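Novice: This is work30.txt (compact mmCIF, C-alpha atoms).
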# COMPACT_ATOMS: atom_id res chain seq x y z
CA MET A 1 152.84 202.37 -155.25
CA PHE A 2 156.59 202.08 -154.64
CA LEU A 3 156.48 204.64 -151.83
CA THR A 4 153.62 202.73 -150.16
CA MET A 5 155.56 199.47 -150.45
CA PHE A 6 158.67 201.16 -149.04
CA LYS A 7 156.59 202.54 -146.16
CA GLY A 8 155.36 199.05 -145.37
CA PHE A 9 158.87 197.65 -145.69
CA SER A 10 160.41 200.27 -143.39
CA ILE A 11 157.85 199.99 -140.60
CA GLY A 12 157.79 196.20 -140.89
CA LEU A 13 161.56 195.96 -140.63
CA SER A 14 161.66 198.46 -137.75
CA LEU A 15 159.20 196.44 -135.71
CA ILE A 16 160.56 193.00 -136.59
CA CYS A 17 164.27 193.60 -136.06
CA ALA A 18 163.89 195.07 -132.58
CA ILE A 19 165.66 192.93 -129.99
CA GLY A 20 163.33 190.32 -128.56
CA ALA A 21 162.85 186.68 -127.62
CA GLN A 22 161.80 185.65 -131.13
CA ASN A 23 164.93 187.05 -132.81
CA ALA A 24 167.17 185.53 -130.14
CA PHE A 25 165.46 182.18 -130.72
CA VAL A 26 165.86 182.34 -134.51
CA LEU A 27 169.50 183.42 -134.19
CA LYS A 28 170.33 180.61 -131.79
CA GLN A 29 168.68 177.97 -133.96
CA GLY A 30 170.57 179.36 -136.94
CA LEU A 31 173.84 178.91 -135.07
CA LEU A 32 172.84 175.34 -134.25
CA LYS A 33 171.68 174.71 -137.87
CA ASN A 34 168.53 173.32 -136.31
CA ASN A 35 165.60 173.16 -138.79
CA ILE A 36 166.17 176.80 -139.63
CA PHE A 37 164.06 176.69 -142.81
CA TRP A 38 161.00 175.52 -140.88
CA ILE A 39 161.59 177.97 -138.05
CA CYS A 40 161.95 180.97 -140.38
CA THR A 41 158.98 179.84 -142.46
CA THR A 42 156.83 179.49 -139.34
CA CYS A 43 157.75 183.02 -138.26
CA PHE A 44 156.96 184.31 -141.75
CA ILE A 45 153.58 182.56 -141.94
CA CYS A 46 152.60 183.84 -138.48
CA ASP A 47 153.46 187.37 -139.59
CA PHE A 48 151.46 186.92 -142.79
CA PHE A 49 148.23 185.94 -141.04
CA LEU A 50 148.57 188.47 -138.23
CA MET A 51 149.39 191.31 -140.62
CA CYS A 52 146.47 190.30 -142.87
CA MET A 53 144.24 190.60 -139.82
CA GLY A 54 145.58 194.05 -139.12
CA ILE A 55 145.59 195.39 -142.68
CA PHE A 56 142.50 193.75 -144.22
CA GLY A 57 140.50 192.54 -141.23
CA VAL A 58 140.63 194.56 -138.04
CA GLY A 59 141.90 197.56 -139.96
CA GLU A 60 138.86 197.59 -142.25
CA ILE A 61 136.48 197.47 -139.27
CA ILE A 62 138.29 200.32 -137.57
CA SER A 63 138.38 202.47 -140.71
CA ALA A 64 134.58 202.45 -140.81
CA ASN A 65 134.40 203.96 -137.31
CA LYS A 66 135.88 207.47 -137.07
CA ILE A 67 136.10 207.42 -133.28
CA LEU A 68 137.93 204.09 -133.20
CA LEU A 69 140.11 205.25 -136.07
CA PHE A 70 141.08 208.39 -134.17
CA ILE A 71 141.82 206.46 -130.97
CA LEU A 72 143.90 203.82 -132.73
CA THR A 73 145.80 206.29 -134.89
CA PHE A 74 146.58 208.57 -131.94
CA ALA A 75 147.49 205.63 -129.68
CA GLY A 76 149.69 204.22 -132.43
CA ALA A 77 151.49 207.55 -132.82
CA ILE A 78 152.08 207.84 -129.06
CA PHE A 79 153.33 204.26 -128.88
CA LEU A 80 155.71 204.81 -131.80
CA ILE A 81 157.05 207.97 -130.20
CA TRP A 82 157.66 206.09 -126.94
CA TYR A 83 159.05 203.05 -128.76
CA GLY A 84 161.39 205.32 -130.68
CA PHE A 85 162.45 207.04 -127.47
CA LEU A 86 163.33 203.70 -125.87
CA SER A 87 165.41 202.70 -128.89
CA PHE A 88 167.08 206.13 -128.95
CA ARG A 89 167.86 205.96 -125.23
CA SER A 90 169.17 202.42 -125.60
CA ALA A 91 171.43 203.55 -128.45
CA LEU A 92 172.82 206.45 -126.40
CA ARG A 93 173.47 204.27 -123.37
CA GLY A 94 174.99 201.50 -125.45
CA ASN A 95 173.55 198.80 -123.20
CA SER A 96 171.64 196.96 -125.92
CA ASN A 97 172.93 193.62 -127.04
CA LEU A 98 171.76 190.17 -128.01
CA THR A 99 172.75 187.38 -125.61
CA LEU A 100 172.54 183.72 -126.42
CA ASP A 101 172.32 180.95 -123.87
CA GLN A 102 175.03 178.49 -124.78
CA ASN A 103 173.36 175.67 -122.85
CA GLY A 104 170.86 173.25 -124.22
CA THR A 105 172.38 172.83 -127.69
CA LYS A 106 170.62 169.55 -128.48
CA LYS A 107 168.88 169.64 -131.85
CA THR A 108 165.15 169.01 -132.02
CA SER A 109 162.78 167.45 -134.55
CA VAL A 110 160.97 169.54 -137.18
CA PHE A 111 157.70 169.24 -135.24
CA GLN A 112 159.34 170.29 -131.97
CA SER A 113 161.02 173.23 -133.68
CA ILE A 114 157.75 174.41 -135.26
CA MET A 115 155.84 174.11 -131.99
CA ALA A 116 158.56 175.98 -130.11
CA THR A 117 158.50 178.73 -132.74
CA LEU A 118 154.71 179.00 -132.56
CA GLY A 119 154.90 179.25 -128.79
CA ILE A 120 157.57 181.94 -128.68
CA THR A 121 155.74 183.88 -131.41
CA LEU A 122 152.05 183.60 -130.59
CA LEU A 123 152.35 183.61 -126.79
CA ASN A 124 154.14 186.96 -126.90
CA PRO A 125 151.59 189.82 -126.55
CA HIS A 126 154.02 192.21 -128.21
CA VAL A 127 153.67 190.44 -131.56
CA TYR A 128 149.96 191.34 -131.68
CA LEU A 129 150.74 194.95 -130.84
CA ASP A 130 153.26 195.10 -133.69
CA THR A 131 151.38 193.23 -136.42
CA VAL A 132 147.69 193.84 -135.72
CA VAL A 133 147.56 197.13 -133.83
CA ILE A 134 150.54 199.16 -135.10
CA ILE A 135 150.68 197.91 -138.70
CA GLY A 136 146.88 197.77 -138.83
CA GLY A 137 146.71 201.30 -137.47
CA VAL A 138 149.11 202.60 -140.11
CA SER A 139 147.22 200.78 -142.88
CA VAL A 140 143.89 202.42 -142.05
CA THR A 141 145.36 205.71 -143.22
CA ILE A 142 145.66 204.13 -146.69
CA VAL A 143 142.32 204.43 -148.48
CA ASP A 144 142.99 202.71 -151.81
CA ASN A 145 142.81 198.89 -151.62
CA MET A 146 145.56 198.42 -154.20
CA GLU A 147 147.81 200.68 -152.12
CA LYS A 148 147.08 198.44 -149.13
CA VAL A 149 148.18 195.43 -151.17
CA PHE A 150 151.50 197.13 -151.88
CA PHE A 151 151.79 198.09 -148.21
CA MET A 152 151.22 194.43 -147.32
CA ILE A 153 153.86 193.34 -149.84
CA GLY A 154 156.29 195.76 -148.23
CA VAL A 155 155.81 194.50 -144.68
CA MET A 156 155.95 190.87 -145.81
CA LEU A 157 159.17 191.52 -147.72
CA ALA A 158 160.62 192.94 -144.51
CA SER A 159 159.48 189.89 -142.56
CA GLY A 160 160.82 187.38 -145.07
CA ILE A 161 164.15 189.12 -145.63
CA TRP A 162 164.75 189.61 -141.91
CA PHE A 163 163.91 186.11 -140.64
CA TYR A 164 165.62 184.14 -143.42
CA SER A 165 168.67 186.43 -143.35
CA LEU A 166 168.89 186.20 -139.57
CA GLY A 167 168.46 182.43 -139.60
CA TYR A 168 170.79 181.50 -142.45
CA GLY A 169 173.29 184.28 -141.80
CA ALA A 170 173.47 183.59 -138.07
CA GLN A 171 176.65 181.53 -138.19
CA LYS A 172 178.64 184.30 -139.90
CA LEU A 173 176.87 187.37 -138.56
CA SER A 174 176.12 186.42 -134.96
CA VAL A 175 179.47 187.74 -133.74
CA TYR A 176 178.52 191.16 -135.10
CA PHE A 177 174.90 191.05 -133.93
CA MET A 178 176.05 190.33 -130.38
CA ARG A 179 178.24 193.44 -130.34
CA PRO A 180 176.62 196.38 -128.51
CA LYS A 181 178.01 198.91 -131.02
CA VAL A 182 176.17 197.25 -133.92
CA TRP A 183 172.92 197.22 -131.99
CA ARG A 184 173.42 200.90 -131.09
CA VAL A 185 173.34 201.75 -134.80
CA ILE A 186 170.33 199.51 -135.37
CA GLU A 187 168.47 201.00 -132.41
CA MET A 188 169.21 204.55 -133.61
CA ILE A 189 167.85 203.78 -137.09
CA ILE A 190 164.77 202.18 -135.56
CA ALA A 191 164.17 205.26 -133.38
CA PHE A 192 164.19 207.70 -136.30
CA ILE A 193 161.99 205.48 -138.47
CA MET A 194 159.50 205.16 -135.61
CA TRP A 195 159.39 208.92 -135.12
CA ILE A 196 158.89 209.58 -138.83
CA ILE A 197 155.98 207.13 -138.97
CA ALA A 198 154.50 208.64 -135.78
CA LEU A 199 154.67 212.06 -137.43
CA THR A 200 152.76 210.80 -140.48
CA LEU A 201 150.03 209.44 -138.18
CA LEU A 202 149.75 212.74 -136.32
CA LEU A 203 149.60 214.67 -139.61
CA TYR A 204 146.82 212.32 -140.74
CA ILE A 205 144.84 213.21 -137.60
CA VAL A 206 145.38 216.93 -138.10
CA HIS A 207 144.35 216.70 -141.71
CA ASN A 208 141.21 214.61 -141.15
CA TYR A 209 139.98 215.82 -137.76
CA SER A 210 139.26 219.29 -136.43
CA ILE A 211 141.81 219.66 -133.67
For this file, write the structure as structure tokens.
Specialist:
Amino acid sequence: MFLTMFKGFSIGLSLICAIGAQNAFVLKQGLLKNNIFWICTTCFICDFFLMCMGIFGVGEIISANKILLFILTFAGAIFLIWYGFLSFRSALRGNSNLTLDQNGTKKTSVFQSIMATLGITLLNPHVYLDTVVIIGGVSVTIVDNMEKVFFMIGVMLASGIWFYSLGYGAQKLSVYFMRPKVWRVIEMIIAFIMWIIALTLLLYIVHNYSI
């Protein structure tokens, strides 16, 4: 159970902490102390519903169809290999950093902050690839329903810890997060985690299909 939860936590954290518009938005609002609780909570709730779709909804449908399961698992492995390669290349080049726009520092209402967070989260196609396709694809390799629950707990722990830590720790940690060297280490860790997960998916295919 613990290993399943750790697996969910590691892949969830790897996908969530990758540099992107959502993390830049949360970090900036944290620096501005602008409704950060509501912004982080909105990100967390969006992750919860999308990951539920992937793990218990779409994932269940796919698991009943061996052809779809093979396609999704193989595609997920290829994507993770490529995603890991991009992170690894970025780490080697050292050109990865988080940049904040210092303009437009006016604080907004709670409603405006929530709507902006929903927009930057749900209008980004990459979030569906991460939560529904990738996490859903990994979860279909888990047969036992209780194991899936622990996998879900793991990915949600990663989501909650990351967003609230990023939001509330932004004022003190932003100077480090904006340093390319720090992101090089993060990108390198992400790359190896992605490759390890991709390997488990490929081993699942070899074990369950005649290749």
Novice: Enter the distance from atom CA of Ile193 of chain A to atom CA of Ile78 of chain A, in Å, rounded to one decimal.
Specialist: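 The value is 13.9 Å.
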Novice: Rounded to one decimal place, report the atom CA of Gln112 of chain A-atom CA of Lys33 of chain A distance in Å.
Specialist: 14.4 Å
Novice: Restricting the calculation to all atoms listed in the file: of A:Met1, A:Val182, A:Val155, A:Leu15, which residue gets closest to Gly84 of chain A?
Specialist: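 Using all atoms listed in the file, the shortest distance to Gly84 of chain A belongs to A:Leu15.
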Novice: Report the distance between atom CA of Met152 of chain A and atom CA of Leu118 of chain A in Å, rounded to one decimal place.
Specialist: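 It comes out at 21.6 Å.
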Novice: Can you tell me, as an mmCIF file with C-alpha atoms, keeping the file's coordinate frame, what residues are no more than 9 Å from segment 165-168 of chain A when counting all atoms listed in the file, ignoring any on the same chain fewer than 2 positions away?
Specialist:
data_model
loop_
_atom_site.group_PDB
_atom_site.id
_atom_site.type_symbol
_atom_site.label_atom_id
_atom_site.label_comp_id
_atom_site.auth_asym_id
_atom_site.auth_seq_id
_atom_site.Cartn_x
_atom_site.Cartn_y
_atom_site.Cartn_z
ATOM 1 C CA ASN A 23 164.930 187.050 -132.810
ATOM 2 C CA VAL A 26 165.860 182.340 -134.510
ATOM 3 C CA LEU A 27 169.500 183.420 -134.190
ATOM 4 C CA LYS A 28 170.330 180.610 -131.790
ATOM 5 C CA GLN A 29 168.680 177.970 -133.960
ATOM 6 C CA GLY A 30 170.570 179.360 -136.940
ATOM 7 C CA LEU A 31 173.840 178.910 -135.070
ATOM 8 C CA LYS A 33 171.680 174.710 -137.870
ATOM 9 C CA ILE A 36 166.170 176.800 -139.630
ATOM 10 C CA PHE A 37 164.060 176.690 -142.810
ATOM 11 C CA ILE A 39 161.590 177.970 -138.050
ATOM 12 C CA CYS A 40 161.950 180.970 -140.380
ATOM 13 C CA GLY A 160 160.820 187.380 -145.070
ATOM 14 C CA ILE A 161 164.150 189.120 -145.630
ATOM 15 C CA TRP A 162 164.750 189.610 -141.910
ATOM 16 C CA PHE A 163 163.910 186.110 -140.640
ATOM 17 C CA ALA A 170 173.470 183.590 -138.070
ATOM 18 C CA GLN A 171 176.650 181.530 -138.190
ATOM 19 C CA LYS A 172 178.640 184.300 -139.900
ATOM 20 C CA LEU A 173 176.870 187.370 -138.560
ATOM 21 C CA SER A 174 176.120 186.420 -134.960
#
Novice: Near Asp47 of chain A, within 8 Å and counting all atoms listed in the file, which residues show up once chain neighbours fewer than 2 positions away are dropped, as a list of chain:residue names?
Specialist: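 My list of contacting residues is A:Cys43, A:Phe44, A:Ile45, A:Phe49, A:Leu50, A:Met51, A:Thr131, A:Met156, A:Ser159.
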Novice: Rank A:Trp82, A:Phe88, A:Phe70, A:Phe111 by their smallest atom-to-atom distance to Leu201 of chain A, using all atoms listed in the file, and report the top residue only.
Specialist: A:Phe70
Novice: For Thr4 of chain A, please output as a short mmCIF file (atom, residue, chain, number, x, y, z; two decimals) with C-alpha atoms, keeping the file's coordinate frame all residues within 9 Å (counting all atoms listed in the file; exclusion window: fewer than 3 positions along the same chain).
Specialist:
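Just written: selection_11.cif:
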data_model
loop_
_atom_site.label_atom_id
_atom_site.label_comp_id
_atom_site.auth_asym_id
_atom_site.auth_seq_id
_atom_site.Cartn_x
_atom_site.Cartn_y
_atom_site.Cartn_z
CA MET A 1 152.84 202.37 -155.25
CA LYS A 7 156.59 202.54 -146.16
CA GLY A 8 155.36 199.05 -145.37
CA PHE A 9 158.87 197.65 -145.69
CA ILE A 142 145.66 204.13 -146.69
CA GLU A 147 147.81 200.68 -152.12
CA LYS A 148 147.08 198.44 -149.13
CA PHE A 150 151.50 197.13 -151.88
CA PHE A 151 151.79 198.09 -148.21
CA GLY A 154 156.29 195.76 -148.23
#
Novice: Select, from A:Gly137, A:Ile61, A:Leu122, A:Phe6, the residue with the minimum atom-to-atom distance to Ala198 of chain A, counting only C-alpha atoms.
Specialist: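 Using only C-alpha atoms, Ala198 of chain A sits closest to A:Gly137.
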Novice: Quick one: residues within 10 Å of Phe56 of chain A, only C-alpha atoms, excluding same-chain residues fewer than 2 positions away - as a list in words?
Specialist: Met51, Cys52, Met53, Gly54, Val58, Gly59, Glu60, Ile61, Val132, Gly136, Ser139, Val140, Asn145, Lys148, Val149 and Met152 of chain A
Novice: For Val185 of chain A, which of A:Thr42, A:Ala91, A:Met5, A:Phe85 is the closest residue, counting only C-alpha atoms?
Specialist: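 Among the listed residues, A:Ala91 lies closest to Val185 of chain A.
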Novice: Calculated over only C-alpha atoms, which of the candidates A:Cys17, A:Val110, A:Ile55, A:Leu72 has the smallest distance to Ile190 of chain A?
Specialist: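 Between A:Cys17, A:Val110, A:Ile55, A:Leu72, the residue approaching Ile190 of chain A most closely is A:Cys17.
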Novice: Ranking A:Leu80, A:Tyr204, A:Cys46, A:Leu86 by minimum distance to Ile11 of chain A and counting all atoms listed in the file, which one comes first?
Specialist: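 Checking each candidate against Ile11 of chain A, we get A:Leu80 as the closest.
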Novice: Counting all atoms listed in the file, what is within 10 Å of Ser87 of chain A, bar same-chain residues fewer than 3 positions away, as a list in words?
Specialist: Ala18, Ile19, Ile81, Trp82, Tyr83, Gly84, Ser90, Ala91, Leu92, Arg93, Ser96, Trp183, Arg184, Val185, Ile186, Glu187, Met188, Ile189, Ile190, Ala191, Phe192 and Met194 of chain A
